[in-house]
Structure formats: C-alpha cells, structure tokens
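Coordinates from structure_9.txt are shown below (compact mmCIF, C-alpha atoms).
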# COMPACT_ATOMS: atom_id res chain seq x y z
CA MET A 1 -9.63 8.86 16.05
CA ASN A 2 -10.51 5.46 17.49
CA ILE A 3 -11.48 2.77 14.98
CA LEU A 4 -13.51 -0.31 15.91
CA PHE A 5 -13.42 -3.45 13.75
CA GLU A 6 -16.29 -5.90 14.29
CA ILE A 7 -14.48 -9.18 13.67
CA SER A 8 -15.74 -12.65 12.79
CA LYS A 9 -15.21 -15.70 14.97
CA GLU A 10 -14.26 -18.00 12.11
CA HIS A 11 -10.74 -18.37 13.52
CA PRO A 12 -9.33 -17.47 16.95
CA THR A 13 -6.41 -15.33 15.74
CA LEU A 14 -6.50 -14.80 11.98
CA PRO A 15 -9.12 -11.97 11.84
CA ARG A 16 -7.10 -9.70 14.13
CA ASN A 17 -3.77 -10.50 12.47
CA GLU A 18 -5.27 -9.90 9.03
CA ILE A 19 -6.19 -6.37 10.16
CA PHE A 20 -2.71 -5.74 11.56
CA ALA A 21 -1.13 -6.96 8.30
CA CYS A 22 -3.33 -4.66 6.21
CA LEU A 23 -2.52 -1.68 8.43
CA LYS A 24 1.16 -2.46 7.94
CA ALA A 25 0.72 -2.84 4.16
CA GLU A 26 -0.88 0.62 3.99
CA ASN A 27 1.83 2.15 6.24
CA ILE A 28 -0.72 3.21 8.85
CA SER A 29 0.64 4.11 12.28
CA TYR A 30 -1.65 3.08 15.11
CA LYS A 31 -1.90 2.10 18.74
CA SER A 32 -3.84 -1.00 19.74
CA ILE A 33 -6.46 -0.02 22.34
CA GLU A 34 -8.40 -3.24 22.86
CA THR A 35 -8.55 -6.68 21.29
CA ASN A 36 -10.78 -9.64 22.11
CA ASP A 37 -12.87 -12.30 20.36
CA ASP A 38 -15.44 -9.74 19.21
CA VAL A 39 -13.68 -6.48 18.37
CA LEU A 40 -10.34 -4.88 17.64
CA ILE A 41 -9.95 -1.20 18.52
CA ILE A 42 -7.07 1.01 17.41
CA SER A 43 -6.19 4.68 17.75
CA THR A 44 -4.82 6.30 14.60
CA ASN A 45 -4.38 9.64 12.86
CA ALA A 46 -4.79 8.05 9.42
CA ASP A 47 -7.27 9.76 7.11
CA MET A 48 -10.61 8.18 6.29
CA GLY A 49 -9.50 7.28 2.78
CA LEU A 50 -6.74 5.03 4.09
CA ILE A 51 -9.06 3.42 6.64
CA LYS A 52 -11.52 2.59 3.87
CA LYS A 53 -8.70 1.20 1.74
CA VAL A 54 -7.79 -1.19 4.55
CA ALA A 55 -11.45 -2.13 4.98
CA ASN A 56 -11.78 -2.96 1.29
CA ARG A 57 -9.03 -5.57 1.65
CA LEU A 58 -10.44 -7.41 4.65
CA SER A 59 -12.18 -10.79 4.57
CA HIS A 60 -12.80 -11.67 8.23
CA VAL A 61 -14.42 -8.42 9.41
CA PHE A 62 -18.07 -7.35 9.28
CA TYR A 63 -17.95 -3.60 9.95
CA VAL A 64 -15.37 -0.85 10.40
CA ASN A 65 -16.61 1.99 12.63
CA GLU A 66 -15.56 5.19 14.33
CA LEU A 67 -15.80 4.45 18.05
CA PHE A 68 -17.76 6.84 20.29
CA SER A 69 -17.90 5.07 23.65
CA ILE A 70 -17.39 1.83 25.59
CA CYS A 71 -19.31 1.05 28.76
CA PRO A 72 -20.33 -1.88 30.97
CA ASN A 73 -23.38 -3.90 29.91
CA SER A 74 -25.75 -2.22 32.34
CA ILE A 75 -28.77 -0.07 31.50
CA ASN A 76 -27.84 2.64 34.00
CA GLU A 77 -24.22 2.78 32.85
CA ILE A 78 -25.22 2.76 29.19
CA GLU A 79 -27.57 5.72 29.56
CA LYS A 80 -24.99 7.69 31.53
CA HIS A 81 -22.19 6.89 29.06
CA ALA A 82 -24.24 7.50 25.92
CA LYS A 83 -25.36 10.95 27.12
CA LYS A 84 -21.78 11.85 28.04
CA HIS A 85 -20.34 10.80 24.67
CA VAL A 86 -23.19 11.74 22.36
CA ILE A 87 -21.92 13.29 19.14
CA ASP A 88 -23.55 16.16 17.27
CA LEU A 89 -24.48 14.38 14.05
CA GLN A 90 -25.37 16.16 10.84
CA GLY A 91 -28.28 14.63 8.93
CA SER A 92 -30.53 11.64 9.47
CA VAL A 93 -29.78 8.71 11.79
CA ALA A 94 -30.45 4.98 12.01
CA VAL A 95 -29.43 2.84 14.98
CA ARG A 96 -28.49 -0.77 14.26
CA SER A 97 -26.93 -3.45 16.42
CA THR A 98 -24.92 -6.63 16.66
CA ASN A 99 -25.81 -8.67 19.72
CA ARG A 100 -23.31 -11.27 20.94
CA SER A 101 -24.71 -11.24 24.45
CA LYS A 102 -27.02 -13.60 26.31
CA ASN A 103 -28.34 -10.57 28.18
CA LYS A 104 -32.14 -10.50 27.95
CA ASN A 105 -32.09 -6.70 28.16
CA SER A 106 -30.31 -6.23 24.84
CA GLN A 107 -33.37 -4.69 23.14
CA GLU A 108 -33.76 -2.29 26.05
CA ILE A 109 -30.13 -1.26 25.56
CA ILE A 110 -30.67 -0.60 21.87
CA ASP A 111 -33.85 1.36 22.51
CA LYS A 112 -32.13 3.50 25.14
CA ILE A 113 -29.26 4.42 22.81
CA ALA A 114 -31.66 5.03 19.94
CA ASP A 115 -33.62 7.48 22.09
CA ILE A 116 -30.44 9.44 22.82
CA TYR A 117 -29.01 9.50 19.28
CA THR A 118 -32.26 10.24 17.50
CA LYS A 119 -33.44 12.95 19.89
CA ASN A 120 -32.24 15.84 17.68
CA ASN A 121 -32.05 14.05 14.34
CA LYS A 122 -34.52 12.70 11.83
CA VAL A 123 -34.75 8.91 11.71
CA ASN A 124 -34.15 7.32 8.30
CA LEU A 125 -33.97 3.53 8.34
CA THR A 126 -33.50 3.20 4.57
CA LYS A 127 -30.65 5.56 3.64
CA PRO A 128 -29.45 7.33 6.77
CA ASP A 129 -26.68 9.89 6.70
CA ASN A 130 -25.34 8.32 9.89
CA GLU A 131 -25.60 4.69 10.98
CA ILE A 132 -25.02 4.26 14.71
CA ARG A 133 -23.67 0.79 15.47
CA VAL A 134 -24.39 -0.75 18.89
CA PHE A 135 -22.21 -3.80 19.51
CA ILE A 136 -23.31 -5.75 22.59
CA THR A 137 -21.32 -8.43 24.41
CA ASP A 138 -21.99 -10.11 27.76
CA THR A 139 -19.89 -7.54 29.61
CA ARG A 140 -19.59 -4.45 27.41
CA VAL A 141 -21.43 -2.24 24.97
CA TYR A 142 -19.62 -0.40 22.17
CA VAL A 143 -21.28 2.58 20.47
CA SER A 144 -19.84 3.79 17.17
CA LYS A 145 -20.65 5.23 13.75
CA LYS A 146 -20.31 2.99 10.72
CA ILE A 147 -17.51 3.91 8.33
CA THR A 148 -18.11 0.98 6.01
CA ALA A 149 -19.56 -2.53 5.89
CA ILE A 150 -17.42 -5.30 4.43
CA ASP A 151 -19.01 -6.91 1.38
CA ARG A 152 -18.41 -10.50 2.46
CA ASN A 153 -20.88 -11.77 -0.12
CA GLN A 154 -18.35 -10.96 -2.83
CA TYR A 155 -16.26 -13.93 -1.70
CA GLU A 156 -19.20 -16.30 -2.07
CA LYS A 157 -19.74 -15.01 -5.61
CA ARG A 158 -16.11 -15.80 -6.49
CA LYS A 159 -16.19 -19.39 -5.23
CA ALA A 160 -14.50 -21.88 -7.55
CA GLN A 161 -17.70 -23.24 -9.12
CA PHE A 162 -18.60 -19.79 -10.44
CA ARG A 163 -15.30 -19.30 -12.28
CA PRO A 164 -14.71 -20.27 -15.92
CA TYR A 165 -12.27 -23.02 -14.86
CA PHE A 166 -12.09 -24.66 -11.45
CA LEU A 167 -11.19 -27.69 -9.39
CA PRO A 168 -13.13 -28.71 -6.25
CA ILE A 169 -9.96 -28.50 -4.12
CA SER A 170 -9.64 -24.74 -4.65
CA LEU A 171 -9.38 -22.53 -1.57
CA HIS A 172 -12.43 -20.51 -0.58
CA PRO A 173 -11.87 -16.92 -1.82
CA LYS A 174 -12.29 -15.61 1.73
CA ILE A 175 -9.35 -17.75 2.88
CA ALA A 176 -7.31 -16.90 -0.20
CA ARG A 177 -7.84 -13.16 0.47
CA ALA A 178 -6.82 -13.55 4.11
CA LEU A 179 -3.59 -15.32 3.09
CA VAL A 180 -2.82 -12.57 0.58
CA ASN A 181 -3.38 -9.96 3.29
CA LEU A 182 -1.15 -11.80 5.78
CA SER A 183 1.71 -11.41 3.30
CA CYS A 184 1.52 -7.59 3.78
CA ILE A 185 1.59 -7.09 0.00
CA LYS A 186 1.17 -3.49 -1.09
CA THR A 187 -0.60 -2.05 -4.14
CA ASN A 188 1.61 -2.38 -7.26
CA GLU A 189 4.01 -4.79 -5.56
CA THR A 190 4.55 -8.26 -7.04
CA LEU A 191 3.10 -11.44 -5.53
CA LEU A 192 4.05 -14.95 -6.69
CA ASP A 193 2.07 -18.19 -6.41
CA PRO A 194 4.40 -21.02 -7.53
CA PHE A 195 1.60 -23.61 -7.41
CA CYS A 196 -1.06 -21.33 -8.89
CA GLY A 197 -3.50 -24.05 -10.04
CA THR A 198 -6.69 -22.37 -11.23
CA GLY A 199 -5.61 -18.94 -9.94
CA GLY A 200 -7.69 -18.34 -6.82
CA ILE A 201 -4.87 -16.75 -4.81
CA LEU A 202 -3.64 -14.66 -7.74
CA LEU A 203 -7.20 -13.45 -8.32
CA GLU A 204 -7.53 -12.12 -4.75
CA ALA A 205 -4.10 -10.47 -4.93
CA GLY A 206 -4.93 -8.87 -8.28
CA LEU A 207 -8.20 -7.48 -6.96
CA ILE A 208 -6.38 -5.45 -4.30
CA GLY A 209 -4.01 -3.99 -6.87
CA ALA A 210 -0.98 -6.28 -6.69
CA LYS A 211 0.97 -7.39 -9.76
CA VAL A 212 0.76 -11.19 -9.89
CA ILE A 213 2.96 -13.99 -11.17
CA GLY A 214 1.86 -17.61 -11.27
CA SER A 215 3.61 -20.84 -12.14
CA ASP A 216 2.53 -24.45 -12.33
CA ILE A 217 4.02 -27.61 -13.78
CA GLU A 218 0.81 -28.46 -15.63
CA GLU A 219 -0.09 -26.57 -18.80
CA LYS A 220 -3.82 -27.14 -18.26
CA MET A 221 -3.57 -25.31 -14.92
CA ILE A 222 -1.81 -22.38 -16.55
CA GLN A 223 -4.53 -22.16 -19.18
CA GLY A 224 -7.23 -22.43 -16.50
CA CYS A 225 -5.55 -19.76 -14.41
CA LYS A 226 -5.40 -17.46 -17.45
CA LYS A 227 -9.14 -17.92 -17.96
CA THR A 228 -9.80 -17.00 -14.32
CA LEU A 229 -7.65 -13.86 -14.37
CA ASP A 230 -9.03 -12.70 -17.71
CA PHE A 231 -12.62 -13.33 -16.61
CA TYR A 232 -12.15 -11.01 -13.60
CA LYS A 233 -10.16 -8.49 -15.70
CA ILE A 234 -6.93 -8.73 -13.69
CA PRO A 235 -4.64 -6.51 -15.79
CA ASP A 236 -1.08 -7.17 -14.69
CA TYR A 237 -0.10 -10.83 -14.59
CA LYS A 238 2.52 -13.28 -15.86
CA LEU A 239 2.16 -17.06 -15.98
CA TYR A 240 4.84 -19.72 -16.43
CA CYS A 241 4.49 -23.46 -17.04
CA VAL A 242 7.56 -24.50 -15.09
CA ASP A 243 8.72 -26.85 -12.34
CA VAL A 244 9.01 -25.13 -8.98
CA GLY A 245 12.73 -25.94 -8.90
CA ASP A 246 13.28 -23.81 -12.01
CA LEU A 247 11.62 -20.63 -10.72
CA THR A 248 14.88 -18.69 -10.57
CA LYS A 249 15.30 -19.06 -14.34
CA HIS A 250 12.19 -16.92 -14.88
CA ILE A 251 11.44 -15.01 -11.66
CA LYS A 252 13.38 -13.00 -9.08
CA ASN A 253 12.91 -10.42 -6.35
CA VAL A 254 9.18 -10.78 -5.72
CA ASP A 255 7.66 -8.83 -2.82
CA ALA A 256 5.55 -11.71 -1.46
CA VAL A 257 4.83 -15.39 -2.02
CA VAL A 258 1.40 -16.84 -1.25
CA THR A 259 0.66 -20.44 -2.19
CA ASP A 260 -1.04 -23.68 -1.20
CA PHE A 261 1.38 -26.60 -1.60
CA PRO A 262 0.17 -29.80 -3.34
CA TYR A 263 -1.12 -32.44 -0.93
CA GLY A 264 -0.23 -35.54 -2.90
CA LYS A 265 -3.67 -37.14 -2.79
CA ALA A 266 -5.84 -34.77 -4.79
CA THR A 267 -3.10 -32.99 -6.72
CA THR A 268 -0.32 -34.44 -8.82
CA THR A 269 3.28 -34.44 -7.70
CA LYS A 270 4.41 -36.22 -10.89
CA GLY A 271 5.41 -39.21 -8.78
CA GLU A 272 7.78 -37.18 -6.61
CA LYS A 273 7.81 -37.76 -2.85
CA ILE A 274 6.14 -34.91 -0.98
CA ILE A 275 9.18 -34.27 1.25
CA ASN A 276 11.40 -33.81 -1.81
CA LEU A 277 8.91 -31.53 -3.57
CA TYR A 278 8.42 -29.38 -0.48
CA THR A 279 12.15 -29.09 0.12
CA ARG A 280 12.77 -27.95 -3.45
CA ALA A 281 9.83 -25.56 -3.27
CA PHE A 282 10.97 -23.89 -0.05
CA GLU A 283 14.49 -23.51 -1.44
CA SER A 284 13.21 -21.90 -4.65
CA ILE A 285 10.87 -19.57 -2.74
CA SER A 286 13.74 -18.39 -0.51
CA ASN A 287 15.79 -17.63 -3.65
CA VAL A 288 13.14 -15.55 -5.45
CA LEU A 289 11.65 -13.74 -2.43
CA LYS A 290 13.12 -10.38 -1.40
CA LYS A 291 14.85 -10.23 1.96
CA ASN A 292 12.58 -9.31 4.90
CA SER A 293 9.52 -10.17 2.81
CA CYS A 294 6.83 -12.72 3.67
CA ALA A 295 5.80 -16.08 2.26
CA VAL A 296 2.40 -17.45 3.31
CA ILE A 297 2.26 -21.17 2.59
CA GLY A 298 -0.46 -23.79 3.01
CA LEU A 299 0.59 -27.26 4.16
CA SER A 300 -1.44 -30.41 4.81
CA ASN A 301 1.11 -32.00 7.15
CA LYS A 302 2.18 -30.30 10.35
CA GLU A 303 5.57 -32.01 10.22
CA MET A 304 6.35 -30.19 6.97
CA ILE A 305 6.38 -26.85 8.78
CA ASN A 306 9.93 -27.63 9.94
CA VAL A 307 11.05 -28.18 6.34
CA GLY A 308 10.28 -24.54 5.65
CA GLU A 309 12.31 -23.43 8.66
CA ASP A 310 15.47 -24.73 6.96
CA TYR A 311 15.08 -21.89 4.44
CA LEU A 312 12.80 -19.27 6.01
CA SER A 313 11.97 -17.93 9.48
CA LEU A 314 8.58 -19.08 10.82
CA ILE A 315 6.47 -16.19 12.15
CA GLU A 316 3.06 -17.76 12.84
CA THR A 317 0.84 -20.72 11.96
CA TYR A 318 -2.95 -20.94 11.46
CA ASP A 319 -4.77 -24.28 11.66
CA PHE A 320 -7.89 -24.74 9.53
CA ARG A 321 -10.02 -27.87 9.73
CA VAL A 322 -11.20 -28.59 6.18
CA HIS A 323 -12.99 -31.83 7.04
CA ARG A 324 -12.48 -34.78 9.39
CA SER A 325 -9.41 -36.13 7.65
CA LEU A 326 -7.74 -32.89 6.54
CA THR A 327 -6.41 -29.95 8.47
CA ARG A 328 -4.55 -27.25 6.59
CA TYR A 329 -1.70 -25.37 8.21
CA PHE A 330 -1.17 -21.89 6.79
CA CYS A 331 2.25 -20.64 7.80
CA VAL A 332 3.68 -17.14 7.59
CA TYR A 333 7.43 -17.20 6.99
CA LYS A 334 9.90 -14.34 6.56
CA ASN A 335 12.91 -14.46 4.29
Written as structure tokens, how would this file's structure read?
Amino acid sequence: MNILFEISKEHPTLPRNEIFACLKAENISYKSIETNDDVLIISTNADMGLIKKVANRLSHVFYVNELFSICPNSINEIEKHAKKHVIDLQGSVAVRSTNRSKNKNSQEIIDKIADIYTKNNKVNLTKPDNEIRVFITDTRVYVSKKITAIDRNQYEKRKAQFRPYFLPISLHPKIARALVNLSCIKTNETLLDPFCGTGGILLEAGLIGAKVIGSDIEEKMIQGCKKTLDFYKIPDYKLYCVDVGDLTKHIKNVDAVVTDFPYGKATTTKGEKIINLYTRAFESISNVLKKNSCAVIGLSNKEMINVGEDYLSLIETYDFRVHRSLTRYFCVYKN
C-alpha cells in the first residue's frame, strides 16, 4: 500500500522528518517513494490502524491518504492515468482537492477526475463513504483516497492563553507536538522536560500516551504545570521542583528529553550566566537519558549548539524565526 501525506510548508524540513520519526516510533517498516515540498509518499505493509495512529500524532500534515495514481499535470495524461488506475469503490463518493498549482486548468482537472470516479457511484458531498483527494502541483497530479484528516485546529484550542495557567513565552502547541514527535517517543515510554515551565511540552507528550516527568527550579511553575496537566486529564506524570543540576537525584533512565532552554531575557536564570546553565543542563540530560535515545532541545543562541555536542551527538537542527530579534534553534541530539 502506498501512503501519501499532504504536508504543510511551515518549515522546509520539519514536516517530513516529523513523519519519519513517528513511523520509527510506531515500528513501521516502509520505503520512501517520493518526497518534495508538497507531499511525502511511502510504501508500507502496515495495517490501517497503525497508519491512523501515526496520523493522530502529526502536527505539520493536513491529510493522510491511500495513493491511487501520480501523473503529469496535463489534461490528456490525467484522463488516461485516472481511467487506468480507477478503483472499484464501495459506497458513495465525493471528490475534493488541494491546489498548489498556478495552472489555470485546475478546475478542469478536478472535473475530469470527478467524472471518472463518480461514474458508477452515488455522489454524497456531506458524508461520503469515500473521499477522493486530488492534489495538484505545477507539474504533477496525485489522486488518492482519504484515510484521515489531521485535526490541526486542536492545537489552536490548546494555545497557552486557553490553559488554566500560562506565560506568553510558551511554545505553540503545534511546535511542542512536533518536538515531542522528533524525539521518537513511544506510547508508555517516559519523556522528561527539565525546564517544564507551564507544561506545554509535557501536555503534548501526555496526549499521545507517553508517561511524563517535569522539573523546574520555580515552585510557581510546578504548580502551574500541574494545573495544565490536570486540566487536560493527563494521567501519568511526576513533577519536581529542582535545579537542573540535581536531576540525577530524582530521575534516571528516561526514554526521551524534550525541552526549551531558558533564554535569559524573558525567563529567570537565578542570576546564573547562560553558558554555565546550559553546560550544567546538557551534562544532567546526558546522565538521565538512556543510551541511543534522543533529546530535542530549544536554544535561542546558535553558538550554544556546540555546548550540547560536548555531551551528546548532534543529529539535526531546525531554525524557527519567532520574531525579528529572536530565532529559536531546535536541535535533535542522541545520547
């Protein structure tokens, strides 16, 4: 079975790598067929339940579909291809599209495919048994059947201002979920955030079934984090009010670490120089993280990436422009 992921363009590399990390977390064997700025296509023998489980984790994908055909963006080629690869569908059909092409004939393309796929099936635009997805780019047209749509609105509903306790510097839930996914954490494994703040990262990890541990040097943050996790009914968590250098006194052998380091300006470092805090933090993380496991860490200074390499192996880095004066660097390290 070939699976097509319709990916967002919010970052040049993160959407694809988030998918790969989730496939790894769910132990899904696959072969990558095609990857570009618009789609990722894999071939896999995984059952539909596992594919849907992966989809439910994702934050930078719009749809997950079963691919039928790929053809050049040409009316003649599309008609020929669609007829050749038409699938015998059981039940009603609706044809819907995503158009990322400047081609003026895009509606003609959609109409042509709709004619073919609705020829022997009843059309139901409200609750169809089968939703045919037509994804159009400047050069290619992908025809597939929707497996599931990603509920991206859920992340907007969990933004910091809608939680019982928040700070304006909190990560957007969509970013927090992506970072959790990049750690390859599995259901029932344990994820640590040693600078948990108000609990945004722990919340996203808990919602996908991970056991979560948070620590912070400020008691008010621990209490705020507890309010967040309780509000969203996260069942399996532990929180510690402790300096990051003392983590090993309370925590050991976690399966993943995901955290956003303090920046010094908007968050307190208790007067400690950032370089010293980061060094102590990386050392503690390397001591509590299982070997061959991942730590995904947010940094505000690109030069600090090298500090982490004294304790962990750098795998990849993602740059995110927050505003004119702040770029965050989210780094994936391996212990």
Do you have, as a tab-separated table, the list of residues of region 256-295 of chain A lying at most 9 Å from region 233-252 of chain A, each with its nearest atom pair and that distance in Å to one decimal, counting all atoms listed in the file and ordered by chain then number?
residue	atom	partner	partner_atom	distance
A:Leu277	CA	A:Val244	CA	8.4
A:Arg280	CA	A:Gly245	CA	5.8
A:Ala281	CA	A:Val244	CA	5.8
A:Glu283	CA	A:Gly245	CA	8.0
A:Ser284	CA	A:Gly245	CA	5.9
A:Ile285	CA	A:Leu247	CA	8.1
A:Asn287	CA	A:Thr248	CA	7.1
A:Val288	CA	A:Lys252	CA	4.4
A:Leu289	CA	A:Lys252	CA	6.9
A:Lys290	CA	A:Lys252	CA	8.1
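With distances restricted to all atoms listed in the file, A:Ala178 is the closest residue to Leu58 (chain A) from A:Ala178, A:Ile185, A:Met304, A:Ala25.
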If you count all atoms listed in the file, which residues fall within 7 Å of Ala55 (chain A), apart from same-chain ones fewer than 3 positions away, as a ChimeraX atom specification? /A:51-52,58,64,150
Please identify every residue of region 185-285 of chain A that has at least one atom no farther than 8 Å from an atom of region 307-312 of chain A, counting all atoms listed in the file, and for each give the shortest atom pair and the distance in Å to one decimal, arranged by chain then increasing number, as JSON lines.
{"residue": "A:Tyr278", "atom": "CA", "partner": "A:Val307", "partner_atom": "CA", "distance": 7.4}
{"residue": "A:Thr279", "atom": "CA", "partner": "A:Val307", "partner_atom": "CA", "distance": 6.4}
{"residue": "A:Phe282", "atom": "CA", "partner": "A:Gly308", "partner_atom": "CA", "distance": 5.8}
{"residue": "A:Glu283", "atom": "CA", "partner": "A:Tyr311", "partner_atom": "CA", "distance": 6.1}
List as a list in words the residues having at least one atom at most 12 Å from position (-17.5, -13.8, -6.5) as given in the file, counting all atoms listed in the file.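 Protein, DNA and RNA residues close to (-17.5, -13.8, -6.5): Asp151, Arg152, Asn153, Gln154, Tyr155, Glu156, Lys157, Arg158, Lys159, Ala160, Gln161, Phe162, Arg163, Pro164, His172, Pro173, Lys174, Arg177, Gly200, Leu203, Glu204, Leu207, Thr228, Phe231 and Tyr232 of chain A.
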Draw an axis-aligned box over all listed atoms of region 135-151 of chain A, pad each side with 5 Å, and write its centre and edge lengths in Å, one decimal, as lines of an AutoDock Vina configuration file.
center_x = -20.4
center_y = -2.4
center_z = 15.5
size_x = 15.9
size_y = 25.3
size_z = 38.2
Margin query: Please return as a PyMOL selection string every residue within 7 Å of (-5.1, -8.2, 2.3), taking into account all atoms listed in the file and the file's own coordinates.
Written below: chain A and resi 18+22+57-58+177-178+180-182+184
Practice prompt. Tell me which protein, DNA and RNA residues are within 9 Å of Ile222 (chain A), counting all atoms listed in the file, leaving out same-chain ones fewer than 3 positions away, and put them as a list in words.
Written response: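 What passes the distance filter is Cys196, Gly197, Thr198, Gly199, Gly214, Ser215, Asp216, Ile217, Glu218, Glu219, Cys225, Lys226, Lys227, Leu239, Tyr240 and Cys241 of chain A.
The nearest approach to Arg328 (chain A) among the residues A:Ile305, A:Leu192, A:Leu23, A:Ile33, with all atoms listed in the file taken into account, belongs to A:Ile305.
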